[in-house]
>>> print(open('coords-v2.cif').read())   # mmCIF, C-alpha atoms and all ligand atoms
data_model
loop_
_atom_site.label_atom_id
_atom_site.label_comp_id
_atom_site.auth_asym_id
_atom_site.auth_seq_id
_atom_site.Cartn_x
_atom_site.Cartn_y
_atom_site.Cartn_z
CA MET A 4 -41.85 -21.22 11.75
CA THR A 5 -43.29 -20.46 15.16
CA ASN A 6 -41.82 -20.96 18.59
CA SER A 7 -44.02 -24.04 18.97
CA ASN A 8 -42.08 -25.87 16.24
CA PRO A 9 -40.29 -28.73 17.95
CA TRP A 10 -36.58 -29.45 17.69
CA SER A 11 -35.85 -32.79 15.99
CA THR A 12 -33.20 -34.87 17.68
CA THR A 13 -30.87 -35.85 14.82
CA SER A 14 -27.72 -37.92 14.44
CA PRO A 15 -24.84 -36.16 12.65
CA GLU A 16 -24.49 -38.61 9.76
CA THR A 17 -28.11 -38.05 8.65
CA VAL A 18 -27.86 -34.25 8.30
CA ASP A 19 -28.91 -33.29 4.76
CA LEU A 20 -28.99 -29.54 4.11
CA LYS A 21 -31.27 -29.87 1.09
CA VAL A 22 -34.54 -31.07 2.58
CA ASN A 23 -37.40 -28.76 1.60
CA GLY A 24 -38.83 -26.53 4.31
CA LEU A 25 -37.77 -25.09 7.65
CA HIS A 26 -36.23 -27.45 10.18
CA ARG A 27 -34.93 -27.14 13.71
CA LEU A 28 -32.33 -29.83 14.31
CA SER A 29 -30.81 -30.69 17.66
CA ILE A 30 -27.80 -32.71 16.51
CA VAL A 31 -26.39 -35.11 19.07
CA LEU A 32 -22.59 -35.22 18.89
CA ALA A 33 -21.00 -38.03 20.88
CA PHE A 34 -17.41 -37.99 22.13
CA GLU A 35 -15.19 -39.34 24.84
CA HIS A 36 -13.75 -37.08 27.47
CA TYR A 37 -11.06 -38.55 29.72
CA GLY A 38 -12.37 -42.00 28.79
CA ARG A 39 -16.03 -41.28 29.58
CA PRO A 40 -18.76 -41.17 26.91
CA GLU A 41 -20.50 -37.79 26.65
CA THR A 42 -22.75 -35.91 24.22
CA ILE A 43 -23.33 -32.29 23.13
CA ARG A 44 -26.52 -31.01 21.52
CA PHE A 45 -25.63 -28.78 18.58
CA PRO A 46 -28.52 -26.59 17.35
CA LEU A 47 -28.89 -26.08 13.57
CA VAL A 48 -31.81 -24.32 11.86
CA LEU A 49 -32.18 -25.14 8.17
CA ALA A 50 -34.19 -23.36 5.50
CA HIS A 51 -34.23 -24.94 2.03
CA ARG A 52 -36.36 -23.84 -0.91
CA GLY A 53 -35.44 -24.89 -4.43
CA PRO A 54 -32.14 -24.52 -6.29
CA GLY A 55 -29.66 -21.85 -5.24
CA PRO A 56 -26.53 -21.32 -3.16
CA VAL A 57 -25.96 -23.22 0.08
CA VAL A 58 -24.87 -20.81 2.83
CA LEU A 59 -23.78 -21.70 6.37
CA ILE A 60 -23.82 -18.91 8.97
CA PHE A 61 -21.98 -19.31 12.27
CA GLY A 62 -22.21 -17.27 15.47
CA GLY A 63 -20.50 -18.12 18.74
CA THR A 64 -17.30 -19.62 17.40
CA HIS A 65 -15.92 -17.81 20.45
CA GLY A 66 -18.42 -17.77 23.31
CA ASP A 67 -17.55 -14.26 24.55
CA GLU A 68 -18.46 -12.68 21.18
CA PHE A 69 -22.16 -11.96 21.24
CA GLU A 70 -23.11 -10.15 18.02
CA GLY A 71 -23.01 -13.32 15.91
CA GLN A 72 -24.88 -15.37 18.53
CA ILE A 73 -27.66 -12.76 18.64
CA ALA A 74 -27.87 -12.02 14.90
CA VAL A 75 -27.99 -15.72 13.99
CA SER A 76 -30.50 -16.51 16.79
CA ASN A 77 -32.74 -13.69 15.56
CA LEU A 78 -32.58 -15.06 12.03
CA CYS A 79 -33.46 -18.54 13.38
CA ARG A 80 -36.77 -17.08 14.60
CA GLU A 81 -37.47 -14.56 11.83
CA ILE A 82 -36.42 -16.37 8.66
CA VAL A 83 -39.23 -16.54 6.09
CA LEU A 84 -39.02 -19.60 3.85
CA GLY A 85 -40.74 -17.79 0.96
CA LYS A 86 -37.76 -15.38 0.73
CA VAL A 87 -35.15 -18.16 0.54
CA ARG A 88 -33.68 -19.27 -2.80
CA GLY A 89 -31.40 -22.20 -2.06
CA THR A 90 -30.31 -23.18 1.43
CA ILE A 91 -29.46 -21.33 4.63
CA GLY A 92 -27.98 -23.26 7.57
CA LEU A 93 -27.95 -21.29 10.82
CA VAL A 94 -25.52 -22.22 13.60
CA PRO A 95 -26.13 -19.67 16.39
CA PHE A 96 -23.86 -21.28 19.00
CA HIS A 97 -20.97 -22.85 17.11
CA ASN A 98 -18.96 -23.65 20.27
CA VAL A 99 -22.05 -24.52 22.34
CA ALA A 100 -20.31 -24.99 25.70
CA ALA A 101 -18.26 -21.79 25.36
CA CYS A 102 -21.41 -19.86 24.40
CA GLN A 103 -23.21 -21.12 27.49
CA ALA A 104 -20.26 -20.09 29.67
CA GLY A 105 -19.65 -16.77 27.86
CA THR A 106 -15.98 -17.68 27.37
CA ARG A 107 -13.68 -17.58 24.34
CA LEU A 108 -12.48 -21.14 24.87
CA THR A 109 -14.33 -24.35 25.64
CA PRO A 110 -14.44 -24.21 29.47
CA ARG A 111 -13.48 -27.78 30.27
CA ASP A 112 -10.47 -28.22 28.02
CA ASN A 113 -9.50 -24.65 27.08
CA SER A 114 -9.78 -25.38 23.35
CA ASP A 115 -10.03 -22.58 20.80
CA LEU A 116 -12.48 -23.99 18.25
CA ASN A 117 -11.13 -21.59 15.63
CA ARG A 118 -7.69 -23.22 15.72
CA LEU A 119 -8.92 -26.81 15.27
CA TYR A 120 -10.18 -26.76 11.67
CA GLY A 121 -8.19 -29.06 9.42
CA VAL A 122 -6.31 -30.31 12.50
CA PRO A 123 -7.02 -34.04 12.74
CA GLY A 124 -7.03 -36.00 15.98
CA GLY A 125 -7.76 -34.61 19.39
CA GLU A 126 -10.70 -35.31 21.63
CA GLY A 127 -13.24 -33.36 23.64
CA PRO A 128 -16.17 -31.15 22.70
CA ALA A 129 -14.44 -28.55 20.50
CA HIS A 130 -12.60 -31.17 18.39
CA THR A 131 -15.88 -33.07 18.01
CA ILE A 132 -17.69 -29.96 16.74
CA ALA A 133 -14.86 -29.13 14.30
CA ARG A 134 -14.85 -32.70 12.88
CA PHE A 135 -18.66 -32.64 12.47
CA VAL A 136 -18.66 -29.26 10.70
CA GLU A 137 -15.77 -30.14 8.38
CA LYS A 138 -16.95 -33.67 7.52
CA VAL A 139 -20.74 -33.19 7.33
CA LEU A 140 -21.64 -29.50 6.86
CA LEU A 141 -18.76 -27.96 4.85
CA PRO A 142 -18.82 -30.47 1.97
CA GLN A 143 -22.47 -29.54 1.34
CA ALA A 144 -21.89 -25.75 1.41
CA ASP A 145 -20.94 -23.07 -1.13
CA TRP A 146 -20.53 -20.19 1.33
CA VAL A 147 -19.42 -19.86 4.97
CA ILE A 148 -20.10 -16.74 7.03
CA ASP A 149 -18.41 -16.77 10.47
CA LEU A 150 -19.42 -13.81 12.65
CA HIS A 151 -16.75 -12.78 15.19
CA SER A 152 -16.13 -9.76 17.37
CA GLY A 153 -13.30 -8.72 19.68
CA GLY A 154 -14.33 -10.90 22.65
CA ALA A 155 -13.64 -9.93 26.25
CA ALA A 156 -10.06 -8.83 25.55
CA HIS A 157 -10.48 -6.41 22.61
CA GLU A 158 -12.94 -4.15 20.90
CA PHE A 159 -12.86 -3.67 17.12
CA VAL A 160 -14.35 -1.11 14.80
CA PRO A 161 -17.48 -2.76 13.38
CA SER A 162 -16.19 -4.51 10.28
CA SER A 163 -16.54 -7.30 7.78
CA ASN A 164 -13.31 -9.34 7.48
CA LEU A 165 -11.44 -11.34 4.93
CA GLN A 166 -8.33 -13.45 5.40
CA ALA A 167 -6.37 -12.91 2.19
CA ARG A 168 -2.99 -12.03 0.75
CA THR A 169 -2.65 -8.58 -0.78
CA ASN A 170 -2.65 -8.47 -4.60
CA SER A 171 -4.17 -11.95 -4.72
CA ALA A 172 -6.94 -13.30 -6.93
CA GLU A 173 -8.63 -14.36 -3.69
CA LEU A 174 -8.84 -10.78 -2.44
CA ALA A 175 -9.98 -9.44 -5.81
CA SER A 176 -12.72 -12.06 -6.08
CA MET A 177 -13.96 -11.66 -2.49
CA LEU A 178 -13.86 -7.85 -2.37
CA ASP A 179 -17.49 -7.43 -3.48
CA PRO A 180 -19.00 -9.67 -0.75
CA LEU A 181 -16.66 -8.02 1.80
CA LEU A 182 -18.07 -4.62 0.81
CA ALA A 183 -21.64 -5.92 0.48
CA PHE A 184 -21.74 -6.45 4.27
CA ASP A 185 -21.80 -2.63 4.41
CA ALA A 186 -20.24 -2.31 7.88
CA PRO A 187 -18.50 1.01 8.61
CA TYR A 188 -15.18 -0.79 7.93
CA ALA A 189 -14.03 -3.80 5.90
CA ILE A 190 -10.71 -5.29 7.07
CA VAL A 191 -8.36 -7.51 5.07
CA PHE A 192 -6.16 -9.65 7.34
CA ASP A 193 -3.01 -10.82 5.61
CA GLU A 194 -1.23 -13.26 7.91
CA VAL A 195 1.82 -11.86 9.76
CA PRO A 196 3.61 -14.99 11.01
CA SER A 197 6.11 -13.12 13.25
CA THR A 198 3.27 -11.75 15.41
CA GLY A 199 1.27 -14.98 15.68
CA GLN A 200 -1.78 -12.83 14.99
CA MET A 201 -4.76 -13.84 12.89
CA PRO A 202 -3.36 -17.11 11.59
CA HIS A 203 -5.25 -18.49 8.62
CA ALA A 204 -4.49 -22.15 9.45
CA GLY A 205 -6.87 -23.85 11.84
CA THR A 206 -9.68 -21.34 11.32
CA LEU A 207 -13.09 -22.20 9.89
CA GLU A 208 -12.63 -19.45 7.28
CA GLY A 209 -9.18 -20.77 6.32
CA LEU A 210 -10.33 -24.38 5.94
CA ALA A 211 -13.49 -23.41 4.05
CA ARG A 212 -11.37 -21.42 1.58
CA ALA A 213 -8.88 -24.30 1.24
CA LEU A 214 -11.82 -26.54 0.30
CA GLY A 215 -12.82 -24.12 -2.46
CA LYS A 216 -15.71 -22.49 -0.61
CA LYS A 217 -16.36 -18.77 -0.41
CA ALA A 218 -15.81 -17.62 3.16
CA ILE A 219 -16.10 -14.34 4.98
CA SER A 220 -16.03 -13.26 8.62
CA SER A 221 -16.32 -10.15 10.78
CA GLU A 222 -15.13 -8.25 13.84
CA LEU A 223 -18.23 -6.45 15.06
CA GLY A 224 -17.26 -4.78 18.33
CA GLY A 225 -16.27 -6.70 21.44
CA ALA A 226 -15.30 -5.91 25.03
CA GLY A 227 -17.32 -8.97 26.07
CA ARG A 228 -20.70 -7.39 25.43
CA ILE A 229 -23.10 -6.28 22.69
CA THR A 230 -24.15 -2.67 21.96
CA PRO A 231 -27.07 -1.24 19.97
CA THR A 232 -24.58 -0.22 17.23
CA SER A 233 -22.79 -3.57 17.02
CA ARG A 234 -26.09 -5.45 16.95
CA THR A 235 -27.46 -3.24 14.17
CA VAL A 236 -24.28 -3.59 12.07
CA ALA A 237 -24.36 -7.40 12.51
CA GLU A 238 -27.99 -7.78 11.46
CA HIS A 239 -27.82 -5.25 8.60
CA GLY A 240 -24.58 -6.82 7.35
CA LEU A 241 -25.90 -10.35 7.42
CA ARG A 242 -29.06 -9.47 5.49
CA ASN A 243 -27.07 -7.46 2.92
CA LEU A 244 -24.61 -10.29 2.41
CA LEU A 245 -27.37 -12.89 2.01
CA ALA A 246 -29.04 -10.65 -0.59
CA TYR A 247 -25.70 -10.23 -2.42
CA ILE A 248 -25.18 -14.02 -2.46
CA GLY A 249 -28.72 -14.37 -3.81
CA VAL A 250 -29.99 -16.77 -1.16
CA MET A 251 -32.40 -14.40 0.62
CA ALA A 252 -34.28 -11.48 -0.88
CA SER A 253 -34.08 -8.12 0.92
CA ALA A 254 -35.78 -5.08 -0.59
CA ASP A 255 -33.35 -2.45 0.72
CA ALA A 256 -30.04 -4.35 0.45
CA LYS A 257 -26.95 -2.31 -0.50
CA ARG A 258 -24.89 -3.38 -3.49
CA PRO A 259 -21.07 -3.51 -3.12
CA GLU A 260 -20.62 -0.25 -5.07
CA GLN A 261 -23.03 1.50 -2.68
CA SER A 262 -21.18 0.22 0.41
CA ARG A 263 -20.15 2.69 3.10
CA SER A 264 -17.22 0.44 4.18
CA GLN A 265 -13.78 2.04 4.55
CA LEU A 266 -11.35 -0.65 3.43
CA LEU A 267 -8.48 -1.38 5.88
CA LEU A 268 -5.46 -3.66 5.75
CA LEU A 269 -3.58 -5.43 8.57
CA ASN A 270 -0.48 -6.99 7.04
CA ARG A 271 2.67 -5.77 8.81
CA PRO A 272 4.18 -6.42 12.27
CA GLU A 273 3.97 -2.70 13.16
CA HIS A 274 0.18 -2.85 12.78
CA TYR A 275 0.07 -4.91 15.99
CA VAL A 276 1.10 -2.80 19.00
CA ALA A 277 1.96 -4.47 22.32
CA CYS A 278 2.79 -2.96 25.70
CA LYS A 279 6.22 -3.77 27.14
CA THR A 280 5.44 -3.72 30.87
CA PRO A 281 2.49 -4.86 32.97
CA GLY A 282 0.18 -2.21 34.40
CA ARG A 283 -2.95 -0.13 33.99
CA PHE A 284 -3.75 0.65 30.38
CA VAL A 285 -4.77 4.24 29.55
CA PRO A 286 -5.57 4.70 25.85
CA ALA A 287 -5.09 8.18 24.37
CA VAL A 288 -6.73 7.35 21.04
CA TRP A 289 -9.87 5.38 20.26
CA LEU A 290 -11.54 3.23 17.63
CA GLY A 291 -11.66 4.90 14.22
CA ASP A 292 -9.11 7.62 15.12
CA GLU A 293 -6.51 8.41 12.47
CA VAL A 294 -2.91 8.30 13.78
CA ASN A 295 0.53 9.06 12.35
CA ASP A 296 3.88 7.35 12.72
CA GLY A 297 5.30 8.42 16.13
CA ASP A 298 1.97 9.45 17.68
CA LEU A 299 1.31 8.65 21.32
CA LEU A 300 -1.37 5.96 21.43
CA GLY A 301 -1.62 5.58 25.20
CA VAL A 302 0.35 4.72 28.33
CA ILE A 303 0.77 1.89 30.80
CA ASN A 304 0.62 3.15 34.37
CA PRO A 305 3.05 1.16 36.53
CA LEU A 306 1.59 -1.72 38.49
CA LEU A 307 3.17 -0.98 41.87
CA ASP A 308 4.87 2.43 42.02
CA PRO A 309 2.42 5.30 41.45
CA ALA A 310 5.31 7.83 41.48
CA SER A 311 7.23 6.29 38.56
CA ALA A 312 6.62 7.50 35.01
CA PRO A 313 4.05 5.69 32.86
CA GLU A 314 5.35 3.70 29.86
CA PRO A 315 4.37 5.55 26.67
CA ILE A 316 3.06 3.51 23.72
CA PHE A 317 3.84 5.04 20.31
CA SER A 318 2.62 4.14 16.86
CA SER A 319 5.26 3.07 14.36
CA CYS A 320 2.98 3.50 11.37
CA ALA A 321 0.20 5.71 10.07
CA GLY A 322 -3.34 4.37 9.97
CA ILE A 323 -6.72 3.95 11.63
CA VAL A 324 -7.19 2.54 15.14
CA ALA A 325 -8.98 -0.72 14.27
CA ALA A 326 -8.95 -2.35 17.72
CA VAL A 327 -8.18 -1.39 21.33
CA ALA A 328 -7.62 -3.65 24.34
CA SER A 329 -10.69 -3.57 26.57
CA ARG A 330 -9.23 -4.53 29.93
CA GLY A 331 -7.85 -1.88 32.25
CA LEU A 332 -5.10 -4.17 33.50
CA GLN A 333 -2.59 -5.51 30.98
CA GLN A 334 0.31 -7.96 31.15
CA ALA A 335 3.66 -7.38 29.40
CA ASN A 336 3.53 -8.11 25.64
CA ASN A 337 -0.27 -7.98 25.46
CA LEU A 338 -1.57 -6.47 22.22
CA VAL A 339 -3.22 -3.18 23.09
CA PHE A 340 -3.79 -1.57 19.66
CA TYR A 341 -4.32 -2.72 16.07
CA ILE A 342 -3.43 0.10 13.67
CA ALA A 343 -4.72 -0.66 10.17
CA GLU A 344 -3.68 0.96 6.89
CA LYS A 345 -6.30 2.50 4.69
CA MET A 346 -6.58 0.72 1.35
CA ASP A 347 -8.45 1.94 -1.72
CA ARG A 348 -10.82 -0.38 -3.56
CA GLU A 349 -8.97 -0.12 -6.86
CA SER A 350 -5.66 -1.38 -5.39
CA ALA A 351 -7.51 -4.18 -3.59
CA ARG A 352 -8.65 -5.42 -7.00
CA THR A 353 -5.09 -5.43 -8.37
CA ILE A 354 -3.66 -8.92 -8.76
CA GLY A 355 0.00 -9.96 -8.75
CA ARG A 356 1.91 -6.79 -7.96
ZN ZN B 401 -13.67 -14.68 17.52
#
>>> encode(input="coords-v2.cif", output="structure tokens")
Amino acid sequence: MTNSNPWSTTSPETVDLKVNGLHRLSIVLAFEHYGRPETIRFPLVLAHRGPGPVVLIFGGTHGDEFEGQIAVSNLCREIVLGKVRGTIGLVPFHNVAACQAGTRLTPRDNSDLNRLYGVPGGEGPAHTIARFVEKVLLPQADWVIDLHSGGAAHEFVPSSNLQARTNSAELASMLDPLLAFDAPYAIVFDEVPSTGQMPHAGTLEGLARALGKKAISSELGGAGRITPTSRTVAEHGLRNLLAYIGVMASADAKRPEQSRSQLLLLNRPEHYVACKTPGRFVPAVWLGDEVNDGDLLGVINPLLDPASAPEPIFSSCAGIVAAVASRGLQQANNLVFYIAEKMDRESARTIGR
């Protein structure tokens, strides 16, 4: 496909993922906003060649996370139909309006697209996109890859991610694709309801899994920008994962057993560390550092009185610093560190203990 290939204006109900060839679709999604009819154009690049898995790849679910938007856009241009076995659907800008604004939420109605999946009703652009994806695209798919990073508020170690309970069949069965991404880290998020962090309900990954699809995501950096490292991990990971799934050949793809990924687990309230007072955030540890229970992680310098003592932030568990807040100014109760436990691959394959 060359840059001269035109985009075909398409209505959502006619989208068929299994039409031979390479296609650039500009899907027109209609909705009402405060009683007025409006439309969004939702770009989708499709590559279909013969029988094989059907894989949907999303970037830009949050518009301030750039690795997925770039990696999926690059694949939109570079994909070679002769290397495809099955179907690849590329969604570079999942929340189109948020991607254009560079914001996490849809600018006009402050909707988080990744909390609207499986949540019926609602109106506005983000609800309209979620209904289109869940009614038209997901039923046709076998796999969903949703590329996230830390956004403007946080930075993560570059990692593939899986939402799963520990000791579950789900984790055991998805461990190989999680490792096949071959990022420096692979993080398992087990929901911790008391923190409100990383809920599984409402997310694209959560709904895809509930519908019996295989789904995987990532946290590839953050701080509201892209770096050479995060871009490389995103592109390398995506190509490895597509080779593992068997939908796109790649001569130098790593197999799961060759993966460099250190497996990490976030499953307890103490893994999520908040500051108690507002002020200037001064981290003392950084991404990938190993910390012990009781270690000083950083301080909050007081907002108004430079002579009063900073508030120390201590770890209440041992682990690896998996994410750090990226803004210098923090409000009380903001999450400033994610401390993840190391997990070995053998225990991740253990079911029911
Ligand atoms: Zn995100």
>>> residues_around(input="coords-v2.cif", residues="Thr353 in chain A", least_positions_apart="4", cutoff="10 Å", atoms="only C-alpha atoms", output="MDAnalysis selection string")
chainID A and resid 169:172 174:175 348:349
>>> closest_residue(input="coords-v2.cif", among="A:Asp347, A:Asp255, A:Glu208, A:Glu16", to="ligand ZN 401 (chain B)", atoms="only C-alpha atoms and all ligand atoms")
A:Glu208
>>> closest_atom_pairs(input="coords-v2.cif", of="chain A", to="ligand ZN 401 (chain B)", cutoff="6 Å", atoms="only C-alpha atoms and all ligand atoms", output="CSV")
residue,atom,partner,partner_atom,distance
A:His65,CA,B:ZN401,ZN,4.8
A:His151,CA,B:ZN401,ZN,4.3
A:Ser152,CA,B:ZN401,ZN,5.5
>>> write_last_selection(input="coords-v2.cif", atoms="C-alpha atoms", output="PDB file, in the frame of the given file")
ATOM      1  CA  HIS A  65     -15.920 -17.810  20.450  1.00  0.00           C
ATOM      2  CA  HIS A 151     -16.750 -12.780  15.190  1.00  0.00           C
ATOM      3  CA  SER A 152     -16.130  -9.760  17.370  1.00  0.00           C
TER       4      SER A 152
END
>>> atom_distance(input="coords-v2.cif", atom1="CA of Ala101 in chain A", atom2="CA of Glu68 in chain A")
10.0 Å
>>> closest_residue(input="coords-v2.cif", among="A:Tyr275, A:Phe159, A:Phe184, A:Phe45", to="Ala326 in chain A", atoms="all atoms listed in the file")
A:Phe159
>>> atom_distance(input="coords-v2.cif", atom1="CA of Cys320 in chain A", atom2="CA of Val160 in chain A")
18.3 Å
>>> axis_aligned_box(input="coords-v2.cif", around="range 278-281 of chain A", padding_each_side="6 Å", output="AutoDock Vina command-line options")
--center_x 4.4 --center_y -3.9 --center_z 29.3 --size_x 15.7 --size_y 13.9 --size_z 19.3
>>> residues_around(input="coords-v2.cif", residues="Gly331 in chain A", least_positions_apart="2", cutoff="9 Å", atoms="only C-alpha atoms", output="list in words")
Gly282, Arg283, Phe284, Val285, Ala328, Ser329 and Gln333 of chain A
